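Scroll down for the structure; my scribbles are underneath it.
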Amino acid sequence: MEALRKNGPCCICITKNKNCPKNCEFSEYFPYELKDQYESANNLFGTPNIIKTMRRAPEKEKQMLATSIIVEGNAWTKDPVRGGFGMVRNLMWKTVLHKAYLHELEEKN
Ligand SMILES: [Zn+2]
C-alpha cells in the first residue's frame, strides 16, 4: 500500500530522528499530520513499545491499533488521573443526562 506522505516524515521517524523512507511501515498509521497527538502517545507508551506493538499486530488491525494508541495517549494527557477511563466515564455521564432529558421531554408530551 502506498504510504500517505503529504507533508513530511511520519511521527515515528521524527521521534527516532531518522529519514522516513517512501515505503516506511509506519507512515500510513502515524502520518506527519498527527505529530502533536503522537507526542502524547510517545510520552505514555514510548516509541520502542509502540513499534514493537505495531509489528506484532495483524495487518488488518494495525489501523485500529494506531488509532487506539493515539486516542489513549491523548486521554492520559487530558486527564492524567483517569486517562481513558475518565473519557469513557464522561461519555457515559453525558448519555445518562441526555436520557434523563429525553425522558423529561417525553413525559411533557
Ligand atoms: Zn517513517
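For the C-alpha cells, the naming scheme is as follows: chains receive sequential letters (A, B, ...) according to their order of presentation, residues are indexed from 1 within each chain, and ligands are indexed from 1 in presentation order.
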Query raised in the report: Which residues come within 10 Å of Gln63 in chain A, counting only C-alpha atoms, excluding same-chain residues fewer than 5 positions away, as a VMD selection string?
Result: chain A and resid 28 to 30 54 57 to 58 68 to 69
Put those residues in a file: C-alpha atoms, as a PDB file, in the first residue's frame.
ATOM      1  CA  GLU A  28       0.341   5.159   6.941  1.00  0.00           C
ATOM      2  CA  TYR A  29      -0.594   4.863  10.609  1.00  0.00           C
ATOM      3  CA  PHE A  30       1.226   7.823  12.169  1.00  0.00           C
ATOM      4  CA  MET A  54       2.571  -2.338  15.834  1.00  0.00           C
ATOM      5  CA  ALA A  57      -0.420  -6.711  15.353  1.00  0.00           C
ATOM      6  CA  PRO A  58      -2.165  -8.459  12.472  1.00  0.00           C
ATOM      7  CA  SER A  68      -6.202   3.391  19.811  1.00  0.00           C
ATOM      8  CA  ILE A  69      -2.611   4.322  20.714  1.00  0.00           C
TER       9      ILE A  69
END
Query raised in the report: Can you tell me which residues sit at most 7 Å away from ligand 1, counting only C-alpha atoms and all ligand atoms, written as a PyMOL selection string?
Result: chain A and resi 9-13+20-21+24-27
Export C-alpha atoms of the chosen residues as a JSON list (two decimals), in the first residue's frame?
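What follows is the written file result_8.json:
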[["chain", "number", "residue", "atom", "x", "y", "z"],
["A", 9, "PRO", "CA", 8.12, 12.25, 7.70],
["A", 10, "CYS", "CA", 5.99, 10.01, 9.89],
["A", 11, "CYS", "CA", 5.81, 10.60, 13.64],
["A", 12, "ILE", "CA", 7.93, 7.56, 14.50],
["A", 13, "CYS", "CA", 10.77, 8.61, 12.18],
["A", 20, "CYS", "CA", 11.46, 8.46, 6.66],
["A", 21, "PRO", "CA", 11.70, 6.27, 3.55],
["A", 24, "CYS", "CA", 8.06, 3.44, 5.73],
["A", 25, "GLU", "CA", 5.92, 0.86, 7.52],
["A", 26, "PHE", "CA", 4.54, 3.46, 9.96],
["A", 27, "SER", "CA", 3.82, 6.49, 7.75]]
Report task. Mind checking which residues fall within 12 Å of Met87 in chain A, counting only C-alpha atoms, ignoring those fewer than 2 positions away in the same chain, and posting them as a PyMOL selection string? Result -> chain A and resi 71-85+89-94
Query raised in the report: When DSSP works through the backbone of this structure, what residues of chain A end up as helix (DSSP H, G or I), shown as number ranges by chain?
Result: A: 11-15, 32-45, 47-56, 59-78, 83-108
Report task. Find, counting only C-alpha atoms, the residue in A:Ala100, A:Ile14, A:Ile50, A:Ala41 that gets nearest to Lys62 in chain A. Result -> A:Ile50
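Between CA of Val96 in chain A and CA of Asn109 in chain A there is a distance of 20.3 Å.
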